[in-house]
Amino acid sequence: MDLNRLLKSERHFKILAFFHENQSSIDTPRGVATWIGDERSKVQRALEDLVKLDILVADRATSTTGYSYTRDAKLISKIGKLLKQHRPA
Amino acid sequence: MENIKNHVYQKGLFDRLKKSPSLKKAQECFGHVIKPAAWWVVEKMSPKLPDVQKLICGNCPSAKRLHPQQLHRCAKVALGMLARAAEEQRLVAFDCPEGMHAFVCPVIQGEKIFGYLGACYAKKEISPQMLEIFSAFTATIVKEVQKELELSKLYETLRPRAIALSTVHTVHRLISSTLDLNELLPRIARLSLQIIRANRCSIKLVDSKRKVLLPKVTVDLREKNIRLKKVKVGRWAPGKAVKFGRPIRGRDYLAAPLIDEDVIGVITLYDKIDRKPFSTFDQEIMSTMTEQAVIAIKNAQLYKEQEKLTMGTIKALAKVLDTRAPGTYVPRASFIKITLAIGQELRMDSDSLKSLQYASILHDAGEIFVPEAVLAKPAKLTGAEFEMVKEHPAAGVEIIKHMKALKSATPIILYHHENYDGTGYPKGLKKDQIPLGARIMAVVSAFEAMITMKPYRMVKTLDEAIDEIKANAGTQFDPKVVEVFLKVTKKKEIRALLEKELYGPKPAA
């Protein structure tokens with residue numbers, strides 16, 4: 001999956017922007033859906049797409065999964081630049 | 001500070017006011033009536049003459065053809081009107097030296113004036129009624145913009161706090177979801193690293209007898225080989241945090257004590273990813289984190305204690321039963337291991353595995369009610385004797401029913417003599433009607449009976465017993481369970497443990 005292509009999806013863009021702005025955040029699909037104003041199930045699928053790209057880290061427990069931002073400084077910097085490029089007008 | 005705040009507020013207010021669609025609409029409507037050439041905004045509380053020249057006269061269509069002295073005079077008039085509007089705190093109309101009509105309206109909040117709105121170069125005289133309407137309109141629009149601004153400020157202040165609160169809630173859910181310390185402590189360490197954005201996290205628990213901190217887990221994003229070191233209470237940051245019962249923070253470390261009634265341990269973080277120093281905010285977040293962590297750790301410790309107590313009771317019960325027929329009720333470690341390995345392969349959850357473990361020790365406890373002569377009979381049992389033996393699963397349940405912790409093991413004990421094809425006892429259940437734990441126990445207990453000494457039959461070798469289990473798959477035993485049993489008993493360590501327990505250690509070559 002290509003990050004550039006993924007960022008064309010408004011949902012993925014919003015999720016990435018949320019974690020980039022709140023890098024200390026750990027949240028559930030329901031929480032992230034609330035912050036970006038989207039449907040929980042669709043957000044959950046998008047979160048898993050970002051986990052596959054190592055952009056998000058998933059902490060899985062029996063009752064829920066907590067998603068948080070990568071700690072890779074290079075990747076964070078790259079995402080920062082891409083977010084600026086893809087920012088909707 | 002107050003001035004800076006006012007300045008920021010004023011800038012935000014005018015930025016929004018200038019973009020306000022309501023104001024644009026009002027200007028458009030009034031424009032049709034009074035035909036002004038220029039609308040203007042002065043974003044200053046006390047403007048000076050150059051401000052007026054630039055902001056008001058700079059917009060005037062006649063400015064270009066006016067002599068500088070005339071322009072100066074015009075600006076002075078406008079400045080005087082701004083001062084009057086400020087003093088009277090109301091809209092003021094005036095005629096400019098060019099003979100055109102104009103007005104100035106102060107932007108007021110409470111008694112404070114933040115700037116001015118106005119129009120110049122109106123060709124028609126502006127009636128007092130019209131001015132009154134415009135004044136009321138402007139006041140409403142300013143109030144609307146002020147409300148928007150306040151809401152936006154509130155949103156900017158609340159949102160990060162709400163996000164932080166949501167993080168705390170998620171962390172709480174994640175760490176409360178396990179009672180296994182071996183799983184819990186690394187999870188707390190990982191989550192702490194994530195929240196604080198640090199490179200290394202170490203959790204140490206207090207050994208109060210020896211006054212040392214025992215290292216339990218260290219997660220480091222940079223190093224794979226980590227040495228776990230003990231630390232004396234009072235030494236280094238972790239030791240000091242425990243000794244003084246408060247966080248100890250340095251540029252590159254933050255030690256937060258885990259405080260219950262007493263200090264039970266410490267979480268220490270090292271080296272922030274962005275190389276910045278640990279902040280007061282990090283310290284506050286870690287204080288919240290440790291409050292959550294200490295509850296989870298205490299719960300896990302209590303659960304572990306409870307587990308030990310339950311296991312101790314079960315073993316004591318097995319030991320008492322064993323006094324009747326030595327070697328019958330105290331199970332060999334290998335059988336428990338095989339039982340649990342099958343359960344794990346079949347993806348049973350941790351609670352079900354625990355029940356399986358309890359049942360593997362106590363499944364034949366009910367035999368205590370069967371006369372010894374029947375159990376030790378070297379020949380085939382009579383019908384009446386077999387009926388007595390068939391009672392033992394229910395009798396076993398009767399023994400353990402008062403122990404709540406063993407409740408989940410009762411179906412396994414009750415149905416471990418049911419056959420897959422429905423020919424077993426006590427109820428003649430078939431296939432999936434038999435609980436999975438009981439289907440596993442049926443295989444392992446039959447295997448155990450075949451390879452250990454029993455008065456009513458010859459001991460089989462391991463391979464003979466395995467073959468017999470295989471032969472009865474689909475009739476006496478669940479074929480899926482048998483398949484996994486065959487896989488498990490092929491494992492070298494299981495085979496070695498079985499041989500050691502049954503035949504003693506291998507003689508040295």
# chains A, B, ... in the order shown; residues from 1 in each chain; ligands from 1
call {"tool": "residues_around", "arguments": {"residues": "region 474-477 of chain B", "least_positions_apart": "2", "cutoff": "12 Å", "atoms": "only C-alpha atoms", "output": "PDB file with C-alpha atoms, in the first residue's frame"}}
result
ATOM      1  CA  HIS B 416     -14.963 -36.457  30.912  1.00  0.00           C
ATOM      2  CA  HIS B 417     -16.294 -40.040  30.503  1.00  0.00           C
ATOM      3  CA  GLU B 418     -18.711 -39.105  27.723  1.00  0.00           C
ATOM      4  CA  ASN B 419     -17.835 -40.719  24.375  1.00  0.00           C
ATOM      5  CA  TYR B 420     -17.829 -38.807  21.110  1.00  0.00           C
ATOM      6  CA  ASP B 421     -20.340 -41.259  19.604  1.00  0.00           C
ATOM      7  CA  GLY B 422     -22.763 -40.923  22.550  1.00  0.00           C
ATOM      8  CA  THR B 423     -21.940 -44.262  24.245  1.00  0.00           C
ATOM      9  CA  GLY B 424     -20.310 -42.752  27.346  1.00  0.00           C
ATOM     10  CA  TYR B 425     -21.672 -41.739  30.744  1.00  0.00           C
ATOM     11  CA  GLY B 428     -24.664 -40.198  26.813  1.00  0.00           C
ATOM     12  CA  LEU B 429     -23.844 -36.815  25.218  1.00  0.00           C
ATOM     13  CA  LYS B 430     -22.567 -36.750  21.608  1.00  0.00           C
ATOM     14  CA  LYS B 431     -19.990 -34.739  19.662  1.00  0.00           C
ATOM     15  CA  ASP B 432     -20.275 -30.971  20.310  1.00  0.00           C
ATOM     16  CA  ILE B 434     -19.745 -32.556  25.154  1.00  0.00           C
ATOM     17  CA  LEU B 436     -14.415 -29.155  24.579  1.00  0.00           C
ATOM     18  CA  ALA B 438     -14.230 -32.677  28.665  1.00  0.00           C
ATOM     19  CA  ARG B 439     -13.385 -34.036  25.177  1.00  0.00           C
ATOM     20  CA  ILE B 440      -9.724 -33.160  25.796  1.00  0.00           C
ATOM     21  CA  MET B 441      -9.802 -34.636  29.295  1.00  0.00           C
ATOM     22  CA  ALA B 442     -11.360 -37.848  27.913  1.00  0.00           C
ATOM     23  CA  VAL B 443      -8.358 -38.394  25.621  1.00  0.00           C
ATOM     24  CA  VAL B 444      -5.678 -37.494  28.172  1.00  0.00           C
ATOM     25  CA  SER B 445      -7.239 -39.430  31.078  1.00  0.00           C
ATOM     26  CA  ALA B 446      -7.658 -42.550  28.885  1.00  0.00           C
ATOM     27  CA  PHE B 447      -4.027 -42.184  27.782  1.00  0.00           C
ATOM     28  CA  GLU B 468      -5.109 -47.066  20.763  1.00  0.00           C
ATOM     29  CA  ILE B 469      -6.141 -43.421  21.150  1.00  0.00           C
ATOM     30  CA  LYS B 470      -5.732 -43.028  17.382  1.00  0.00           C
ATOM     31  CA  ALA B 471      -7.820 -46.158  16.737  1.00  0.00           C
ATOM     32  CA  ASN B 472     -10.679 -44.772  18.816  1.00  0.00           C
ATOM     33  CA  PRO B 479     -11.069 -36.795  16.060  1.00  0.00           C
ATOM     34  CA  LYS B 480      -9.958 -33.156  16.131  1.00  0.00           C
ATOM     35  CA  VAL B 481      -8.721 -33.517  19.699  1.00  0.00           C
ATOM     36  CA  VAL B 482      -6.968 -36.795  18.804  1.00  0.00           C
ATOM     37  CA  GLU B 483      -5.258 -35.068  15.882  1.00  0.00           C
ATOM     38  CA  VAL B 484      -3.865 -32.400  18.201  1.00  0.00           C
ATOM     39  CA  PHE B 485      -3.001 -35.014  20.841  1.00  0.00           C
TER      40      PHE B 485
END
call {"tool": "interface_residues", "arguments": {"of": "chain B", "to": "chain A", "cutoff": "12 Å", "atoms": "only C-alpha atoms", "output": "compact mmCIF listing (two decimals) with N, CA and C atoms, in the first residue's frame"}}
result
# COMPACT_ATOMS: atom_id res chain seq x y z
N ARG B 159 -10.19 20.92 23.37
CA ARG B 159 -9.89 19.77 22.51
C ARG B 159 -8.63 19.01 22.96
N PRO B 160 -7.48 19.70 23.14
CA PRO B 160 -6.31 18.92 23.58
C PRO B 160 -6.54 18.21 24.91
N ARG B 161 -7.29 18.87 25.81
CA ARG B 161 -7.55 18.24 27.10
C ARG B 161 -8.46 17.02 26.94
N ALA B 162 -9.44 17.16 26.06
CA ALA B 162 -10.36 16.04 25.82
C ALA B 162 -9.60 14.88 25.17
N ILE B 163 -8.68 15.21 24.26
CA ILE B 163 -7.88 14.16 23.61
C ILE B 163 -7.00 13.47 24.65
N ALA B 164 -6.39 14.27 25.55
CA ALA B 164 -5.55 13.70 26.61
C ALA B 164 -6.38 12.81 27.53
N LEU B 165 -7.60 13.26 27.83
CA LEU B 165 -8.48 12.49 28.70
C LEU B 165 -8.86 11.17 28.04
N SER B 166 -9.10 11.24 26.74
CA SER B 166 -9.46 10.04 25.99
C SER B 166 -8.28 9.06 26.00
N THR B 167 -7.06 9.60 25.90
CA THR B 167 -5.87 8.75 25.95
C THR B 167 -5.79 8.04 27.31
N VAL B 168 -6.03 8.80 28.37
CA VAL B 168 -5.98 8.22 29.73
C VAL B 168 -7.02 7.10 29.83
N HIS B 169 -8.20 7.35 29.26
CA HIS B 169 -9.27 6.35 29.31
C HIS B 169 -8.87 5.09 28.54
N THR B 170 -8.27 5.29 27.35
CA THR B 170 -7.86 4.14 26.54
C THR B 170 -6.78 3.34 27.28
N VAL B 171 -5.82 4.07 27.86
CA VAL B 171 -4.74 3.40 28.60
C VAL B 171 -5.35 2.57 29.74
N HIS B 172 -6.32 3.16 30.42
CA HIS B 172 -6.97 2.46 31.52
C HIS B 172 -7.60 1.15 31.02
N ARG B 173 -8.29 1.24 29.87
CA ARG B 173 -8.94 0.04 29.32
C ARG B 173 -7.89 -1.00 28.94
N LEU B 174 -6.80 -0.53 28.35
CA LEU B 174 -5.78 -1.48 27.87
C LEU B 174 -5.08 -2.19 29.03
N ILE B 175 -4.79 -1.43 30.09
CA ILE B 175 -4.05 -2.08 31.17
C ILE B 175 -4.97 -2.84 32.14
N SER B 176 -6.27 -2.53 32.09
CA SER B 176 -7.17 -3.28 32.97
C SER B 176 -7.61 -4.59 32.33
N SER B 177 -7.21 -4.79 31.06
CA SER B 177 -7.74 -5.96 30.36
C SER B 177 -6.93 -7.22 30.65
N THR B 178 -5.86 -7.10 31.41
CA THR B 178 -5.11 -8.32 31.73
C THR B 178 -4.81 -8.39 33.23
N LEU B 179 -4.80 -9.61 33.73
CA LEU B 179 -4.45 -9.82 35.15
C LEU B 179 -3.13 -10.58 35.24
N GLU B 183 2.27 -9.98 31.28
CA GLU B 183 1.72 -9.30 30.10
C GLU B 183 1.52 -7.81 30.43
N LEU B 184 1.10 -7.57 31.68
CA LEU B 184 0.73 -6.21 32.10
C LEU B 184 1.93 -5.25 32.12
N PRO B 186 5.02 -5.21 30.65
CA PRO B 186 5.52 -4.71 29.36
C PRO B 186 4.52 -3.77 28.68
N ARG B 187 3.23 -4.06 28.86
CA ARG B 187 2.21 -3.20 28.23
C ARG B 187 2.26 -1.79 28.84
N ILE B 188 2.38 -1.72 30.17
CA ILE B 188 2.47 -0.40 30.82
C ILE B 188 3.71 0.34 30.30
N ALA B 189 4.81 -0.39 30.17
CA ALA B 189 6.06 0.24 29.71
C ALA B 189 5.89 0.78 28.28
N ARG B 190 5.30 -0.05 27.42
CA ARG B 190 5.11 0.38 26.02
C ARG B 190 4.20 1.60 25.94
N LEU B 191 3.10 1.57 26.71
CA LEU B 191 2.16 2.69 26.66
C LEU B 191 2.79 3.97 27.22
N SER B 192 3.60 3.83 28.27
CA SER B 192 4.27 5.00 28.85
C SER B 192 5.20 5.63 27.81
N LEU B 193 5.94 4.76 27.11
CA LEU B 193 6.85 5.27 26.06
C LEU B 193 6.07 6.03 24.99
N GLN B 194 4.91 5.47 24.67
CA GLN B 194 4.09 6.05 23.62
C GLN B 194 3.54 7.43 24.02
N ILE B 195 3.07 7.51 25.25
CA ILE B 195 2.46 8.77 25.70
C ILE B 195 3.50 9.86 25.86
N ILE B 196 4.63 9.50 26.46
CA ILE B 196 5.65 10.51 26.76
C ILE B 196 6.60 10.71 25.58
N ARG B 197 6.56 9.81 24.61
CA ARG B 197 7.45 9.85 23.45
C ARG B 197 8.91 9.79 23.90
N ALA B 198 9.21 8.75 24.70
CA ALA B 198 10.59 8.56 25.17
C ALA B 198 11.16 7.31 24.51
N ASN B 199 12.47 7.12 24.69
CA ASN B 199 13.13 5.98 24.04
C ASN B 199 13.23 4.75 24.93
N ARG B 200 13.20 4.96 26.24
CA ARG B 200 13.41 3.81 27.12
C ARG B 200 12.50 3.91 28.34
N ASP B 220 13.37 -0.75 25.41
CA ASP B 220 14.22 0.29 24.82
C ASP B 220 14.07 0.23 23.31
N LEU B 221 13.76 1.38 22.73
CA LEU B 221 13.52 1.40 21.29
C LEU B 221 14.82 1.35 20.49
N ARG B 222 15.94 1.59 21.17
CA ARG B 222 17.20 1.65 20.44
C ARG B 222 18.04 0.39 20.63
N LYS B 272 13.91 11.55 25.67
CA LYS B 272 12.76 11.79 24.81
C LYS B 272 13.18 11.68 23.33
N ILE B 273 12.25 11.23 22.51
CA ILE B 273 12.58 11.02 21.09
C ILE B 273 13.03 12.32 20.44
N ASP B 274 12.35 13.43 20.79
CA ASP B 274 12.71 14.72 20.17
C ASP B 274 13.90 15.39 20.88
N ARG B 275 14.53 14.68 21.80
CA ARG B 275 15.72 15.13 22.56
C ARG B 275 15.46 16.35 23.44
N PHE B 281 4.59 18.92 32.19
CA PHE B 281 3.42 18.25 31.60
C PHE B 281 3.65 16.73 31.55
N ASP B 282 4.88 16.32 31.14
CA ASP B 282 5.22 14.89 31.12
C ASP B 282 5.04 14.29 32.52
N ILE B 285 1.38 13.89 33.34
CA ILE B 285 0.81 12.75 32.60
C ILE B 285 1.25 11.43 33.25
N ASP B 349 -9.28 -19.95 25.49
CA ASP B 349 -8.80 -18.72 26.14
C ASP B 349 -8.21 -19.04 27.51
N SER B 350 -7.60 -18.03 28.12
CA SER B 350 -6.83 -18.29 29.36
C SER B 350 -7.72 -18.80 30.49
call {"tool": "residues_around", "arguments": {"residues": "Lys78 (chain A)", "least_positions_apart": "5", "cutoff": "12 Å", "atoms": "only C-alpha atoms", "output": "PyMOL selection string"}}
result
chain A and resi 3-4+16+20+55+70+72-73+83-85
call {"tool": "write_last_selection", "arguments": {"atoms": "N, CA and C atoms", "output": "mmCIF file, in the first residue's frame"}}
result
data_model
loop_
_atom_site.group_PDB
_atom_site.id
_atom_site.type_symbol
_atom_site.label_atom_id
_atom_site.label_comp_id
_atom_site.auth_asym_id
_atom_site.auth_seq_id
_atom_site.Cartn_x
_atom_site.Cartn_y
_atom_site.Cartn_z
ATOM 1 N N LEU A 3 1.699 5.170 0.640
ATOM 2 C CA LEU A 3 1.250 6.234 1.539
ATOM 3 C C LEU A 3 0.673 7.424 0.759
ATOM 4 N N ASN A 4 1.327 7.744 -0.351
ATOM 5 C CA ASN A 4 0.853 8.861 -1.177
ATOM 6 C C ASN A 4 -0.568 8.627 -1.665
ATOM 7 N N LEU A 16 -4.378 10.573 9.858
ATOM 8 C CA LEU A 16 -2.943 10.883 9.943
ATOM 9 C C LEU A 16 -2.719 12.273 10.530
ATOM 10 N N HIS A 20 -0.659 13.096 13.813
ATOM 11 C CA HIS A 20 0.524 13.947 13.640
ATOM 12 C C HIS A 20 0.440 15.159 14.571
ATOM 13 N N ILE A 55 2.745 3.062 10.310
ATOM 14 C CA ILE A 55 2.555 4.471 10.669
ATOM 15 C C ILE A 55 1.879 4.551 12.030
ATOM 16 N N THR A 70 3.470 6.346 15.163
ATOM 17 C CA THR A 70 4.818 5.771 15.092
ATOM 18 C C THR A 70 5.809 6.614 15.902
ATOM 19 N N ASP A 72 9.024 6.532 14.869
ATOM 20 C CA ASP A 72 10.137 6.647 13.925
ATOM 21 C C ASP A 72 10.233 8.106 13.443
ATOM 22 N N ALA A 73 11.303 8.791 13.896
ATOM 23 C CA ALA A 73 11.435 10.227 13.615
ATOM 24 C C ALA A 73 11.463 10.529 12.115
ATOM 25 N N LEU A 83 1.673 15.558 4.530
ATOM 26 C CA LEU A 83 0.416 16.165 4.984
ATOM 27 C C LEU A 83 0.286 17.593 4.444
ATOM 28 N N LYS A 84 1.410 18.299 4.424
ATOM 29 C CA LYS A 84 1.387 19.675 3.892
ATOM 30 C C LYS A 84 1.035 19.664 2.403
ATOM 31 N N GLN A 85 1.657 18.694 1.688
ATOM 32 C CA GLN A 85 1.419 18.604 0.233
ATOM 33 C C GLN A 85 -0.037 18.278 -0.087
#
call {"tool": "select_by_dssp", "arguments": {"residues": "region 113-144 of chain B", "states": "strand (DSSP E)", "output": "list in words"}}
result
Ile113, Phe114, Gly115, Tyr116, Leu117, Gly118, Ala119, Cys120, Tyr121 and Ala122 of chain B
call {"tool": "residues_around", "arguments": {"residues": "region 336-338 of chain B", "least_positions_apart": "3", "cutoff": "10 Å", "atoms": "only C-alpha atoms", "output": "list in words"}}
result
Pro331, Arg332, Ala333, Ala341, Ile342, Gly343, Gln344, Leu356, Gln357, Tyr358, Ala359, Ser360, Ile361, Ile440, Met441, Val444, Val484, Phe485, Val488, Thr489, Lys491, Ile494, Arg495, Leu497 and Leu498 of chain B
